[in-house]
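Notes for the one structure printed next.
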Amino acid sequence: MPESNTLERGFQAQASLALAERAAREAGRVLIRARHRDAVIVSETMRDVKLSADRAAEDAIANIVSAGSAAPILAEERVFEGGDAPTAGLRWIVDPLDGTMNYLQGIPFCCVSVSLWENDLPLVAAVYDFDRDEMFTGLVGTGAWVNGAVAHVGSAVPERAILCTGFPVGTDFSPPAVTRFVSHVGRFRKIRMLGSAALSLAYVAAGRADVYFERDVKIWDVAGGLALVCSAGGAFERASSPAPLALTVYAHNGACPWPDPDGPLA
């Protein structure tokens, strides 16, 4: 690739990262303000809840991203309403509030996730923990940062590693499924279920945790976090899911590859 094209692409990536960070911060401000008002539940199921704050934060992100980029946006609330979903090419993948139940209950473990992907490859991401004012940013191929300080994955092997995981809406809790899950996670030192996939992955990128594993998780829940892990020197594996716009994900620090190399991730 000619040097001028390389420099131009690098500039565009930096500009996209700055745009993602600005959008994530603005959404965080929206969510902080909304928390001081009565939470308006838009819809609710046994295992999930949607708030008016989710959509307000997404609108804030869309306004900023659309003003600075022509790439389409794949975002949770618009898809939830049945909108068209761009699933290939250059696109923004947005979760305006990951950890909605935590947010509603006053558990300070939730975040905003804004990322840019090209086909199946992550490019940039900003994951903002607005409760702690921690901004996790990543530029794949360049590096990752937490509030501007360099971040890198840890080096723990499975016997010393902390695994983060979760059970998304629609999880199969039948005894065979639970047994299979335990067989995959039992080799790790500790297991944490924090209620936010994006923030759990950000912790892997920052070396606070070592592995993240979840089945049938929506792409917007993990897109930003996966980009951070790659930017911070880690890796991830994925498999398709029967659920729409979902996948099974195993992200790690490089020292904890998938435990069964001869068995499928799914």
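Note on naming: chains are A, B, ... as they come in the structure tokens, residues start from 1 per chain, ligands start from 1 in the order shown.
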
Out of segment 52-264 of chain A, which residues get helix (DSSP H, G or I) from DSSP, as a JSON list (two decimals) with N, CA and C atoms, in the first residue's frame?
[["chain", "number", "residue", "atom", "x", "y", "z"],
["A", 52, "SER", "N", -36.63, 4.07, 28.63],
["A", 52, "SER", "CA", -36.59, 5.23, 27.75],
["A", 52, "SER", "C", -35.18, 5.80, 27.68],
["A", 53, "ALA", "N", -34.40, 5.61, 28.74],
["A", 53, "ALA", "CA", -33.02, 6.11, 28.75],
["A", 53, "ALA", "C", -32.16, 5.41, 27.71],
["A", 54, "ASP", "N", -32.44, 4.14, 27.42],
["A", 54, "ASP", "CA", -31.70, 3.43, 26.38],
["A", 54, "ASP", "C", -31.82, 4.16, 25.05],
["A", 55, "ARG", "N", -33.03, 4.50, 24.69],
["A", 55, "ARG", "CA", -33.27, 5.15, 23.40],
["A", 55, "ARG", "C", -32.72, 6.57, 23.38],
["A", 56, "ALA", "N", -32.84, 7.29, 24.48],
["A", 56, "ALA", "CA", -32.30, 8.64, 24.53],
["A", 56, "ALA", "C", -30.78, 8.63, 24.34],
["A", 57, "ALA", "N", -30.11, 7.67, 24.98],
["A", 57, "ALA", "CA", -28.66, 7.56, 24.82],
["A", 57, "ALA", "C", -28.29, 7.17, 23.39],
["A", 58, "GLU", "N", -29.08, 6.27, 22.81],
["A", 58, "GLU", "CA", -28.81, 5.86, 21.43],
["A", 58, "GLU", "C", -29.01, 7.02, 20.45],
["A", 59, "ASP", "N", -30.03, 7.81, 20.67],
["A", 59, "ASP", "CA", -30.25, 8.98, 19.81],
["A", 59, "ASP", "C", -29.07, 9.95, 19.89],
["A", 60, "ALA", "N", -28.53, 10.13, 21.09],
["A", 60, "ALA", "CA", -27.38, 11.02, 21.26],
["A", 60, "ALA", "C", -26.18, 10.50, 20.47],
["A", 61, "ILE", "N", -25.95, 9.18, 20.53],
["A", 61, "ILE", "CA", -24.84, 8.58, 19.79],
["A", 61, "ILE", "C", -25.07, 8.73, 18.30],
["A", 62, "ALA", "N", -26.27, 8.41, 17.84],
["A", 62, "ALA", "CA", -26.56, 8.45, 16.41],
["A", 62, "ALA", "C", -26.39, 9.86, 15.85],
["A", 63, "ASN", "N", -26.79, 10.86, 16.59],
["A", 63, "ASN", "CA", -26.66, 12.24, 16.13],
["A", 63, "ASN", "C", -25.19, 12.61, 15.91],
["A", 64, "ILE", "N", -24.33, 12.22, 16.83],
["A", 64, "ILE", "CA", -22.92, 12.56, 16.73],
["A", 64, "ILE", "C", -22.23, 11.74, 15.65],
["A", 65, "VAL", "N", -22.47, 10.43, 15.65],
["A", 65, "VAL", "CA", -21.81, 9.56, 14.68],
["A", 65, "VAL", "C", -22.25, 9.89, 13.25],
["A", 66, "SER", "N", -23.54, 10.12, 13.05],
["A", 66, "SER", "CA", -24.04, 10.41, 11.71],
["A", 66, "SER", "C", -23.51, 11.74, 11.16],
["A", 67, "ALA", "N", -23.25, 12.67, 12.05],
["A", 67, "ALA", "CA", -22.72, 13.96, 11.62],
["A", 67, "ALA", "C", -21.27, 13.87, 11.18],
["A", 68, "GLY", "N", -20.56, 12.81, 11.66],
["A", 68, "GLY", "CA", -19.13, 12.71, 11.35],
["A", 68, "GLY", "C", -18.75, 11.52, 10.50],
["A", 76, "GLU", "N", -28.82, -1.34, 19.14],
["A", 76, "GLU", "CA", -29.76, -2.24, 19.81],
["A", 76, "GLU", "C", -31.20, -1.77, 19.74],
["A", 77, "GLU", "N", -31.45, -0.53, 20.06],
["A", 77, "GLU", "CA", -32.84, -0.08, 20.17],
["A", 77, "GLU", "C", -33.54, -0.05, 18.82],
["A", 78, "ARG", "N", -32.84, 0.35, 17.77],
["A", 78, "ARG", "CA", -33.45, 0.38, 16.45],
["A", 78, "ARG", "C", -33.76, -1.04, 15.95],
["A", 79, "VAL", "N", -32.85, -1.96, 16.21],
["A", 79, "VAL", "CA", -33.10, -3.35, 15.82],
["A", 79, "VAL", "C", -34.24, -3.92, 16.66],
["A", 80, "PHE", "N", -34.26, -3.56, 17.94],
["A", 80, "PHE", "CA", -35.32, -4.05, 18.83],
["A", 80, "PHE", "C", -36.69, -3.66, 18.30],
["A", 100, "THR", "N", -28.45, -2.75, 31.41],
["A", 100, "THR", "CA", -29.65, -1.96, 31.72],
["A", 100, "THR", "C", -30.25, -2.32, 33.07],
["A", 101, "MET", "N", -30.30, -3.60, 33.40],
["A", 101, "MET", "CA", -30.87, -3.99, 34.68],
["A", 101, "MET", "C", -30.02, -3.45, 35.84],
["A", 102, "ASN", "N", -28.70, -3.51, 35.70],
["A", 102, "ASN", "CA", -27.83, -2.92, 36.72],
["A", 102, "ASN", "C", -28.14, -1.43, 36.88],
["A", 103, "TYR", "N", -28.25, -0.74, 35.76],
["A", 103, "TYR", "CA", -28.55, 0.70, 35.76],
["A", 103, "TYR", "C", -29.87, 0.98, 36.48],
["A", 104, "LEU", "N", -30.89, 0.20, 36.15],
["A", 104, "LEU", "CA", -32.21, 0.39, 36.75],
["A", 104, "LEU", "C", -32.19, 0.15, 38.25],
["A", 105, "GLN", "N", -31.42, -0.83, 38.68],
["A", 105, "GLN", "CA", -31.38, -1.21, 40.10],
["A", 105, "GLN", "C", -30.37, -0.40, 40.91],
["A", 158, "PRO", "N", -4.87, -20.39, 32.58],
["A", 158, "PRO", "CA", -6.21, -20.70, 33.09],
["A", 158, "PRO", "C", -6.28, -20.95, 34.59],
["A", 159, "GLU", "N", -5.32, -21.66, 35.15],
["A", 159, "GLU", "CA", -5.37, -21.98, 36.58],
["A", 159, "GLU", "C", -5.27, -20.74, 37.46],
["A", 160, "ARG", "N", -4.80, -19.64, 36.90],
["A", 160, "ARG", "CA", -4.68, -18.39, 37.65],
["A", 160, "ARG", "C", -5.61, -17.32, 37.10],
["A", 175, "PRO", "N", -30.53, -29.05, 32.32],
["A", 175, "PRO", "CA", -29.37, -29.70, 32.93],
["A", 175, "PRO", "C", -28.23, -30.01, 31.95],
["A", 176, "PRO", "N", -28.50, -30.52, 30.73],
["A", 176, "PRO", "CA", -27.38, -30.77, 29.81],
["A", 176, "PRO", "C", -26.63, -29.50, 29.42],
["A", 177, "ALA", "N", -27.38, -28.41, 29.21],
["A", 177, "ALA", "CA", -26.74, -27.15, 28.83],
["A", 177, "ALA", "C", -25.90, -26.59, 29.97],
["A", 178, "VAL", "N", -26.42, -26.65, 31.18],
["A", 178, "VAL", "CA", -25.66, -26.17, 32.34],
["A", 178, "VAL", "C", -24.42, -27.02, 32.56],
["A", 179, "THR", "N", -24.53, -28.34, 32.39],
["A", 179, "THR", "CA", -23.38, -29.23, 32.54],
["A", 179, "THR", "C", -22.30, -28.89, 31.52],
["A", 180, "ARG", "N", -22.71, -28.64, 30.28],
["A", 180, "ARG", "CA", -21.75, -28.28, 29.25],
["A", 180, "ARG", "C", -21.05, -26.97, 29.59],
["A", 181, "PHE", "N", -21.82, -26.00, 30.09],
["A", 181, "PHE", "CA", -21.25, -24.72, 30.48],
["A", 181, "PHE", "C", -20.20, -24.89, 31.59],
["A", 182, "VAL", "N", -20.54, -25.67, 32.60],
["A", 182, "VAL", "CA", -19.62, -25.89, 33.72],
["A", 182, "VAL", "C", -18.35, -26.58, 33.25],
["A", 183, "SER", "N", -18.47, -27.50, 32.30],
["A", 183, "SER", "CA", -17.28, -28.20, 31.81],
["A", 183, "SER", "C", -16.31, -27.25, 31.12],
["A", 184, "HIS", "N", -16.82, -26.14, 30.58],
["A", 184, "HIS", "CA", -15.96, -25.19, 29.89],
["A", 184, "HIS", "C", -15.34, -24.16, 30.83],
["A", 185, "VAL", "N", -16.01, -23.84, 31.92],
["A", 185, "VAL", "CA", -15.53, -22.76, 32.77],
["A", 185, "VAL", "C", -14.89, -23.24, 34.07],
["A", 197, "ALA", "N", -21.62, -7.23, 29.39],
["A", 197, "ALA", "CA", -20.64, -7.90, 28.54],
["A", 197, "ALA", "C", -19.55, -6.93, 28.08],
["A", 198, "ALA", "N", -19.96, -5.73, 27.67],
["A", 198, "ALA", "CA", -18.99, -4.76, 27.16],
["A", 198, "ALA", "C", -17.97, -4.38, 28.21],
["A", 199, "LEU", "N", -18.43, -4.15, 29.44],
["A", 199, "LEU", "CA", -17.50, -3.75, 30.49],
["A", 199, "LEU", "C", -16.65, -4.93, 30.95],
["A", 200, "SER", "N", -17.21, -6.13, 30.93],
["A", 200, "SER", "CA", -16.41, -7.32, 31.26],
["A", 200, "SER", "C", -15.26, -7.47, 30.26],
["A", 201, "LEU", "N", -15.55, -7.29, 28.98],
["A", 201, "LEU", "CA", -14.51, -7.38, 27.96],
["A", 201, "LEU", "C", -13.50, -6.25, 28.09],
["A", 202, "ALA", "N", -13.96, -5.07, 28.47],
["A", 202, "ALA", "CA", -13.03, -3.97, 28.71],
["A", 202, "ALA", "C", -12.07, -4.32, 29.83],
["A", 203, "TYR", "N", -12.56, -5.03, 30.84],
["A", 203, "TYR", "CA", -11.70, -5.46, 31.93],
["A", 203, "TYR", "C", -10.67, -6.49, 31.46],
["A", 204, "VAL", "N", -11.05, -7.35, 30.53],
["A", 204, "VAL", "CA", -10.06, -8.27, 29.94],
["A", 204, "VAL", "C", -8.99, -7.46, 29.22],
["A", 205, "ALA", "N", -9.40, -6.47, 28.46],
["A", 205, "ALA", "CA", -8.44, -5.64, 27.73],
["A", 205, "ALA", "C", -7.49, -4.91, 28.67],
["A", 219, "ILE", "N", -24.64, -9.08, 19.13],
["A", 219, "ILE", "CA", -23.41, -8.50, 18.61],
["A", 219, "ILE", "C", -23.12, -7.13, 19.22],
["A", 220, "TRP", "N", -24.16, -6.31, 19.47],
["A", 220, "TRP", "CA", -23.90, -4.99, 20.03],
["A", 220, "TRP", "C", -23.43, -5.05, 21.48],
["A", 221, "ASP", "N", -23.72, -6.15, 22.19],
["A", 221, "ASP", "CA", -23.23, -6.29, 23.56],
["A", 221, "ASP", "C", -21.72, -6.47, 23.62],
["A", 222, "VAL", "N", -21.14, -7.07, 22.58],
["A", 222, "VAL", "CA", -19.73, -7.46, 22.64],
["A", 222, "VAL", "C", -18.84, -6.78, 21.62],
["A", 223, "ALA", "N", -19.41, -6.09, 20.63],
["A", 223, "ALA", "CA", -18.59, -5.54, 19.54],
["A", 223, "ALA", "C", -17.51, -4.60, 20.04],
["A", 224, "GLY", "N", -17.89, -3.67, 20.90],
["A", 224, "GLY", "CA", -16.90, -2.72, 21.42],
["A", 224, "GLY", "C", -15.86, -3.40, 22.27],
["A", 225, "GLY", "N", -16.28, -4.30, 23.13],
["A", 225, "GLY", "CA", -15.34, -5.00, 24.00],
["A", 225, "GLY", "C", -14.38, -5.88, 23.24],
["A", 226, "LEU", "N", -14.85, -6.56, 22.19],
["A", 226, "LEU", "CA", -13.96, -7.39, 21.39],
["A", 226, "LEU", "C", -12.90, -6.54, 20.69],
["A", 227, "ALA", "N", -13.30, -5.38, 20.21],
["A", 227, "ALA", "CA", -12.33, -4.47, 19.60],
["A", 227, "ALA", "C", -11.27, -4.03, 20.62],
["A", 228, "LEU", "N", -11.69, -3.79, 21.85],
["A", 228, "LEU", "CA", -10.73, -3.42, 22.90],
["A", 228, "LEU", "C", -9.75, -4.55, 23.17],
["A", 229, "VAL", "N", -10.25, -5.78, 23.29],
["A", 229, "VAL", "CA", -9.37, -6.91, 23.57],
["A", 229, "VAL", "C", -8.33, -7.07, 22.47],
["A", 230, "CYS", "N", -8.76, -6.98, 21.22],
["A", 230, "CYS", "CA", -7.81, -7.08, 20.10],
["A", 230, "CYS", "C", -6.79, -5.94, 20.16],
["A", 231, "SER", "N", -7.26, -4.74, 20.45],
["A", 231, "SER", "CA", -6.36, -3.58, 20.51],
["A", 231, "SER", "C", -5.33, -3.71, 21.62]]

Query raised in the report: Quick one: residues within 7 Å of segment 111-127 of chain A, only C-alpha atoms counted, chain neighbours fewer than 5 positions away excluded, as JSON, numbers by chain?
Result: {"A": [17, 20, 21, 24, 27, 28, 88, 89, 90, 91, 92, 93, 94, 95, 96, 97, 98, 99, 135, 136, 137, 138, 139, 140, 198, 199, 223, 224, 227, 228]}

Query raised in the report: Hey, which of A:Arg132, A:Lys50, A:Arg29, A:His252 ends up closest to Gly207 of chain A? Count only C-alpha atoms.
Result: A:His252

Report task. Rank A:Ile32, A:Ala232, A:Ala13, A:Ala251 by their smallest atom-to-atom distance to Ala149 of chain A, using only C-alpha atoms, and report the top residue only. Result ->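 Using only C-alpha atoms, the shortest distance to Ala149 of chain A belongs to A:Ala232.
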
Report task. For each of A:Ile73, A:Trp145, A:Ile162, A:Pro242, take the minimum atom-to-atom distance to Gly186 of chain A, counting only C-alpha atoms, then give the residue where this is smallest. Result ->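 Result for the nearest residue to Gly186 of chain A: A:Ile162.
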
Excluding same-chain residues fewer than 5 positions from segment 244-246 of chain A, what lies within 7 Å of it counting only C-alpha atoms, as an mmCIF file with all heavy atoms, in the first residue's frame?
data_model
loop_
_atom_site.group_PDB
_atom_site.id
_atom_site.type_symbol
_atom_site.label_atom_id
_atom_site.label_comp_id
_atom_site.auth_asym_id
_atom_site.auth_seq_id
_atom_site.Cartn_x
_atom_site.Cartn_y
_atom_site.Cartn_z
ATOM 1 N N ASP A 216 -24.529 -17.099 22.552
ATOM 2 C CA ASP A 216 -25.744 -16.482 22.006
ATOM 3 C C ASP A 216 -25.941 -15.058 22.508
ATOM 4 O O ASP A 216 -27.064 -14.626 22.805
ATOM 5 C CB ASP A 216 -26.968 -17.336 22.335
ATOM 6 C CG ASP A 216 -26.823 -18.766 21.826
ATOM 7 O OD1 ASP A 216 -26.224 -18.948 20.749
ATOM 8 O OD2 ASP A 216 -27.294 -19.696 22.516
ATOM 9 N N VAL A 217 -24.853 -14.314 22.576
ATOM 10 C CA VAL A 217 -24.908 -12.929 23.023
ATOM 11 C C VAL A 217 -25.064 -12.028 21.800
ATOM 12 O O VAL A 217 -24.517 -12.303 20.730
ATOM 13 C CB VAL A 217 -23.639 -12.572 23.841
ATOM 14 C CG1 VAL A 217 -22.374 -12.699 23.000
ATOM 15 C CG2 VAL A 217 -23.758 -11.189 24.444
ATOM 16 N N LYS A 218 -25.826 -10.971 21.931
ATOM 17 C CA LYS A 218 -26.064 -10.067 20.816
ATOM 18 C C LYS A 218 -24.769 -9.340 20.423
ATOM 19 O O LYS A 218 -23.950 -8.982 21.273
ATOM 20 C CB LYS A 218 -27.135 -9.045 21.173
ATOM 21 C CG LYS A 218 -28.530 -9.649 21.396
ATOM 22 C CD LYS A 218 -29.068 -10.291 20.124
ATOM 23 C CE LYS A 218 -30.503 -10.749 20.302
ATOM 24 N NZ LYS A 218 -31.047 -11.401 19.079
ATOM 25 N N ILE A 219 -24.636 -9.083 19.131
ATOM 26 C CA ILE A 219 -23.407 -8.503 18.608
ATOM 27 C C ILE A 219 -23.118 -7.133 19.223
ATOM 28 O O ILE A 219 -21.962 -6.800 19.503
ATOM 29 C CB ILE A 219 -23.459 -8.416 17.062
ATOM 30 C CG1 ILE A 219 -22.162 -7.822 16.502
ATOM 31 C CG2 ILE A 219 -24.666 -7.627 16.591
ATOM 32 C CD1 ILE A 219 -20.925 -8.625 16.798
#

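Interatomic distance, atom CA of Phe213 of chain A against atom CA of Cys110 of chain A: 17.9 Å.
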
Query raised in the report: For Val211 of chain A, which residue among A:Leu74, A:Met193, A:Ala161, A:Val169 is the nearest when counting only C-alpha atoms?
Result: A:Ala161

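Atom CA of Gly233 of chain A is positioned 8.8 Å from atom CA of Gly141 of chain A.
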